[in-house]
>>> print(open('query27.csv').read())   # CSV, C-alpha atoms and all ligand atoms
chain,number,residue,atom,x,y,z
A,1,MET,CA,3.0,9.3,16.0
A,2,VAL,CA,1.0,8.1,13.1
A,3,ASN,CA,-2.7,7.3,13.2
A,4,ILE,CA,-3.3,4.4,10.8
A,5,THR,CA,-6.8,3.5,9.4
A,6,PHE,CA,-7.4,0.4,7.4
A,7,LEU,CA,-10.0,1.2,4.8
A,8,GLY,CA,-10.3,-2.4,3.3
A,9,HIS,CA,-8.3,-4.4,0.8
A,10,SER,CA,-4.9,-2.5,0.4
A,11,ALA,CA,-6.3,0.9,1.2
A,12,VAL,CA,-4.8,2.6,4.2
A,13,SER,CA,-4.9,6.2,5.5
A,14,LEU,CA,-1.8,7.4,7.3
A,15,GLU,CA,-2.2,10.6,9.4
A,16,ALA,CA,0.5,12.5,11.2
A,17,ASP,CA,0.8,16.2,12.2
A,18,GLY,CA,-2.6,16.9,10.8
A,19,LYS,CA,-1.8,15.7,7.3
A,20,THR,CA,-3.1,12.5,5.6
A,21,LEU,CA,-1.4,10.3,3.1
A,22,LEU,CA,-3.8,7.8,1.4
A,23,VAL,CA,-2.5,4.6,-0.2
A,24,ASP,CA,-4.4,2.6,-2.9
A,25,PRO,CA,-7.9,4.0,-2.2
A,26,PHE,CA,-10.0,1.3,-3.8
A,27,LEU,CA,-13.4,2.0,-2.3
A,28,SER,CA,-16.1,2.1,-5.1
A,29,GLY,CA,-16.8,-1.5,-5.9
A,30,ASN,CA,-14.9,-2.8,-2.9
A,31,PRO,CA,-17.3,-4.9,-0.9
A,32,GLN,CA,-15.2,-4.3,2.2
A,33,ALA,CA,-14.8,-0.5,1.8
A,34,ALA,CA,-15.1,1.2,5.2
A,35,VAL,CA,-15.8,4.7,3.8
A,36,GLN,CA,-17.0,6.3,0.6
A,37,ALA,CA,-14.5,8.1,-1.6
A,38,SER,CA,-16.4,11.3,-1.2
A,39,GLU,CA,-15.7,11.4,2.5
A,40,LEU,CA,-11.9,11.4,2.1
A,41,ASN,CA,-9.9,14.6,1.9
A,42,PRO,CA,-6.2,13.5,1.9
A,43,ASP,CA,-3.2,15.8,1.4
A,44,ALA,CA,-1.5,13.3,-0.9
A,45,ILE,CA,-2.2,9.9,-2.4
A,46,TYR,CA,0.4,7.2,-3.2
A,47,LEU,CA,-0.7,4.6,-5.8
A,48,THR,CA,1.4,1.4,-5.7
A,49,HIS,CA,0.4,0.2,-9.2
A,50,GLY,CA,-2.1,0.5,-12.0
A,51,HIS,CA,-4.6,-2.3,-11.2
A,52,ASP,CA,-8.1,-1.1,-10.6
A,53,ASP,CA,-8.2,-2.5,-7.0
A,54,HIS,CA,-5.4,-0.1,-6.1
A,55,VAL,CA,-5.8,3.0,-8.2
A,56,GLY,CA,-9.5,2.7,-7.3
A,57,ASP,CA,-11.0,6.1,-6.6
A,58,GLY,CA,-7.6,7.8,-6.5
A,59,VAL,CA,-8.0,9.8,-9.7
A,60,ASN,CA,-11.5,11.0,-8.7
A,61,ILE,CA,-10.3,12.0,-5.2
A,62,ALA,CA,-7.3,13.9,-6.6
A,63,GLN,CA,-9.5,15.7,-9.2
A,64,ARG,CA,-12.0,16.8,-6.4
A,65,THR,CA,-9.5,17.8,-3.7
A,66,GLY,CA,-6.5,18.9,-5.8
A,67,CYS,CA,-4.2,16.7,-3.7
A,68,LEU,CA,-0.9,15.4,-5.0
A,69,VAL,CA,-0.7,11.9,-6.5
A,70,VAL,CA,2.6,10.2,-6.2
A,71,ALA,CA,3.3,7.1,-8.3
A,72,CYS,CA,5.6,5.3,-10.7
A,73,PHE,CA,6.3,7.5,-13.8
A,74,GLU,CA,3.9,5.9,-16.2
A,75,LEU,CA,1.0,5.8,-13.7
A,76,ALA,CA,1.7,9.4,-12.6
A,77,THR,CA,1.7,10.5,-16.2
A,78,TYR,CA,-1.7,8.8,-16.7
A,79,CYS,CA,-3.0,10.7,-13.6
A,80,GLN,CA,-1.7,14.0,-15.0
A,81,LYS,CA,-3.5,13.4,-18.3
A,82,HIS,CA,-6.7,12.8,-16.3
A,83,GLY,CA,-6.5,16.2,-14.6
A,84,CYS,CA,-4.5,15.3,-11.4
A,85,GLU,CA,-1.5,17.0,-10.0
A,86,ALA,CA,0.9,14.1,-9.9
A,87,HIS,CA,4.6,13.6,-9.1
A,88,PRO,CA,6.4,10.8,-11.0
A,89,MET,CA,9.0,8.6,-9.4
A,90,HIS,CA,10.6,5.3,-10.1
A,91,ILE,CA,11.9,2.2,-8.3
A,92,GLY,CA,15.0,3.0,-6.2
A,93,GLY,CA,14.2,6.7,-6.0
A,94,LYS,CA,13.4,8.5,-2.8
A,95,ARG,CA,11.8,12.0,-2.4
A,96,ASP,CA,11.1,14.3,0.5
A,97,PHE,CA,7.7,15.8,0.2
A,98,GLY,CA,8.1,17.9,3.4
A,99,TRP,CA,5.7,16.1,5.7
A,100,PHE,CA,6.5,12.6,4.4
A,101,THR,CA,9.2,10.9,2.4
A,102,LEU,CA,8.6,8.0,-0.1
A,103,LYS,CA,11.1,5.6,-1.6
A,104,LEU,CA,9.8,3.2,-4.2
A,105,THR,CA,10.8,-0.4,-4.0
A,106,PRO,CA,10.3,-3.3,-6.5
A,107,ALA,CA,7.2,-5.5,-6.4
A,108,LEU,CA,6.8,-8.8,-8.2
A,109,HIS,CA,3.5,-8.2,-9.9
A,110,GLY,CA,1.8,-6.6,-12.9
A,111,SER,CA,0.5,-3.0,-13.3
A,112,ALA,CA,-1.5,-2.5,-16.5
A,113,LYS,CA,-5.0,-0.9,-16.4
A,114,MET,CA,-7.2,-3.6,-17.9
A,115,SER,CA,-9.2,-1.5,-20.3
A,116,ASP,CA,-9.4,-2.7,-23.9
A,117,PRO,CA,-6.7,-2.5,-25.0
A,118,PRO,CA,-4.8,-2.6,-21.7
A,119,ILE,CA,-3.0,0.6,-20.7
A,120,TYR,CA,0.6,0.2,-19.7
A,121,MET,CA,1.2,1.8,-16.3
A,122,GLY,CA,4.9,1.0,-15.8
A,123,ASN,CA,6.3,-1.2,-13.0
A,124,PRO,CA,4.4,-2.2,-9.9
A,125,THR,CA,5.9,-0.6,-6.8
A,126,GLY,CA,6.0,-0.8,-3.0
A,127,GLY,CA,6.8,2.2,-0.9
A,128,ILE,CA,9.0,2.9,2.2
A,129,ILE,CA,7.1,5.8,3.7
A,130,THR,CA,8.4,8.0,6.6
A,131,LEU,CA,6.0,10.3,8.4
A,132,GLY,CA,5.4,11.3,11.9
A,133,GLY,CA,8.8,10.0,12.9
A,134,LYS,CA,7.9,6.4,11.8
A,135,THR,CA,8.9,4.2,8.9
A,136,ILE,CA,6.2,2.2,7.2
A,137,TYR,CA,6.4,-0.3,4.4
A,138,HIS,CA,3.5,-0.7,2.0
A,139,PRO,CA,4.6,-3.3,-0.5
A,140,GLY,CA,1.6,-2.9,-2.8
A,141,ASP,CA,0.8,-6.3,-4.5
A,142,THR,CA,3.8,-8.6,-4.6
A,143,GLY,CA,5.0,-12.1,-4.3
A,144,LEU,CA,7.8,-13.0,-1.8
A,145,MET,CA,11.1,-11.7,-3.1
A,146,MET,CA,14.7,-11.6,-1.8
A,147,ASP,CA,14.6,-7.8,-2.2
A,148,MET,CA,12.8,-7.8,1.1
A,149,GLU,CA,16.0,-8.8,2.9
A,150,LEU,CA,17.6,-5.7,1.5
A,151,ILE,CA,14.7,-3.6,2.6
A,152,GLY,CA,15.0,-5.1,6.1
A,153,ARG,CA,18.8,-4.4,6.1
A,154,LEU,CA,18.5,-0.7,4.9
A,155,HIS,CA,15.5,0.4,6.8
A,156,ASN,CA,14.2,0.2,10.4
A,157,ILE,CA,10.6,-0.7,9.6
A,158,ASP,CA,8.2,0.2,12.4
A,159,LEU,CA,5.2,-1.2,10.6
A,160,ALA,CA,4.8,-3.3,7.5
A,161,PHE,CA,1.5,-3.9,5.7
A,162,LEU,CA,1.7,-7.4,4.1
A,163,PRO,CA,-0.6,-9.0,1.6
A,164,ILE,CA,-1.7,-12.5,2.8
A,165,GLY,CA,-4.6,-13.4,0.4
A,166,ASP,CA,-2.6,-15.6,-1.9
A,167,ASN,CA,-3.5,-16.2,-5.6
A,168,PHE,CA,-2.5,-12.6,-6.8
A,169,THR,CA,0.1,-12.0,-4.0
A,170,MET,CA,1.9,-13.7,-1.2
A,171,GLY,CA,-0.1,-16.1,0.9
A,172,ILE,CA,0.2,-16.6,4.6
A,173,ASP,CA,3.4,-18.8,4.6
A,174,ASP,CA,5.3,-16.5,2.2
A,175,ALA,CA,4.2,-13.5,4.2
A,176,VAL,CA,5.7,-15.1,7.3
A,177,GLU,CA,9.0,-15.5,5.3
A,178,ALA,CA,8.7,-11.8,4.4
A,179,VAL,CA,8.5,-10.9,8.1
A,180,LYS,CA,11.7,-12.8,8.7
A,181,MET,CA,13.5,-10.7,6.0
A,182,ILE,CA,11.9,-7.3,6.6
A,183,LYS,CA,12.1,-7.5,10.4
A,184,PRO,CA,9.3,-5.0,11.1
A,185,ALA,CA,8.3,-4.3,14.7
A,186,GLN,CA,4.6,-4.5,13.7
A,187,VAL,CA,2.6,-6.0,10.9
A,188,VAL,CA,-0.9,-5.4,9.6
A,189,PRO,CA,-2.2,-8.0,7.1
A,190,ILE,CA,-3.9,-6.6,3.9
A,191,HIS,CA,-5.3,-7.8,0.6
A,192,PHE,CA,-7.4,-10.7,1.9
A,193,ASN,CA,-11.1,-11.6,2.2
A,194,THR,CA,-12.1,-8.8,-0.2
A,195,PHE,CA,-13.1,-11.5,-2.7
A,196,ASP,CA,-13.6,-15.2,-2.4
A,197,VAL,CA,-10.4,-15.9,-4.4
A,198,ILE,CA,-8.2,-14.2,-1.8
A,199,GLU,CA,-9.8,-15.7,1.3
A,200,ALA,CA,-7.3,-16.1,4.2
A,201,ASP,CA,-7.4,-16.3,8.0
A,202,PRO,CA,-5.5,-13.4,9.5
A,203,ASP,CA,-5.4,-15.1,12.9
A,204,GLU,CA,-3.6,-18.1,11.3
A,205,PHE,CA,-1.1,-15.6,9.9
A,206,ALA,CA,-0.7,-13.9,13.3
A,207,ASP,CA,-0.1,-17.4,14.9
A,208,LYS,CA,2.6,-18.3,12.4
A,209,VAL,CA,4.4,-14.9,12.8
A,210,GLY,CA,4.4,-15.6,16.6
A,211,ASP,CA,7.2,-13.6,18.3
A,212,LEU,CA,8.8,-12.4,15.1
A,213,ALA,CA,6.6,-9.2,15.1
A,214,GLU,CA,3.5,-7.8,16.7
A,215,VAL,CA,0.6,-8.5,14.3
A,216,THR,CA,-2.5,-6.3,14.5
A,217,VAL,CA,-5.5,-7.5,12.5
A,218,LEU,CA,-7.6,-4.5,11.6
A,219,VAL,CA,-11.1,-4.8,10.3
A,220,PRO,CA,-12.0,-2.3,7.6
A,221,GLY,CA,-12.7,1.1,9.2
A,222,GLU,CA,-10.5,0.3,12.3
A,223,SER,CA,-7.7,2.5,13.3
A,224,MET,CA,-4.5,2.0,15.4
A,225,GLU,CA,-1.9,4.4,16.7
A,226,LEU,CA,1.8,3.8,15.9
A,227,ALA,CA,3.6,5.6,18.7
B,1,NI,NI,-2.5,-5.8,-8.3
B,2,MN,MN,-4.5,-6.1,-5.8
>>> encode(input="query27.csv", output="structure tokens", more="lines below")
Ligand code: NI
Ligand code: MN
Amino acid sequence: MVNITFLGHSAVSLEADGKTLLVDPFLSGNPQAAVQASELNPDAIYLTHGHDDHVGDGVNIAQRTGCLVVACFELATYCQKHGCEAHPMHIGGKRDFGWFTLKLTPALHGSAKMSDPPIYMGNPTGGIITLGGKTIYHPGDTGLMMDMELIGRLHNIDLAFLPIGDNFTMGIDDAVEAVKMIKPAQVVPIHFNTFDVIEADPDEFADKVGDLAEVTVLVPGESMELA
């Protein structure tokens, strides 16, 4: 069983067997953040890509707690250079961390940290995560891509988080196409309504998914059990 908490934007907390994996903890500066970064004590953090609305407070949380950061090689190296314990991976690779496994998948997106000059953070990624006996897909930021069909063929996805906010990622209609390819049992929409430019109606998404999957719309701070 996995206890899932949506923290706002693409940030989610996945808890199983007393351990917590945090994904993309963008909380400071996130108008929808459900918690403060200082309240979180994860056992590991997975960062999907280098954009500030995904790395977020990840480096600070890892510095404070000493928890492991897992990310694409270039982003993981950046975290190491900033005092974090980090494990580098790359697309196609899977690793067993004992209480969870992570396989990195492609994402159609960018990944640079937009300082001046921008810092190259490698490829954007998505992750196939197994923990608590469940398989969860967090695609990071991505457009619709045919690779999702392969992901659906190779993995029995119990729950997929899918961006629906359009502009920077898939919008609602493309996310419905993603559901057809990934074939998850359950879907939770993410990456919408944080900012005006990614306004989207999650109920419209749920209607369009229909019987293809069970859609749960979580408001920031809300939890669900994946049993
Ligand atoms: Ni991004
Ligand atoms: Mn983003």
>>> residues_near_ligand(input="query27.csv", ligand="ligand MN 2 (chain B)", cutoff="12 Å", atoms="only C-alpha atoms and all ligand atoms", output="ChimeraX atom specification")
/A:8-11,24-26,30,47-56,107-113,124-125,139-143,162-170,190-195,197-198
>>> atom_distance(input="query27.csv", atom1="atom CA of Glu177 of chain A", atom2="atom CA of Met89 of chain A")
28.2 Å
>>> atom_distance(input="query27.csv", atom1="atom CA of Leu131 of chain A", atom2="atom CA of Trp99 of chain A")
6.4 Å
>>> atom_distance(input="query27.csv", atom1="atom CA of Ser13 of chain A", atom2="atom CA of Val188 of chain A")
12.9 Å
>>> closest_residue(input="query27.csv", among="A:Gly126, A:Gly92, A:Pro202, A:Gly133", to="ligand NI 1 (chain B)", atoms="only C-alpha atoms and all ligand atoms")
A:Gly126
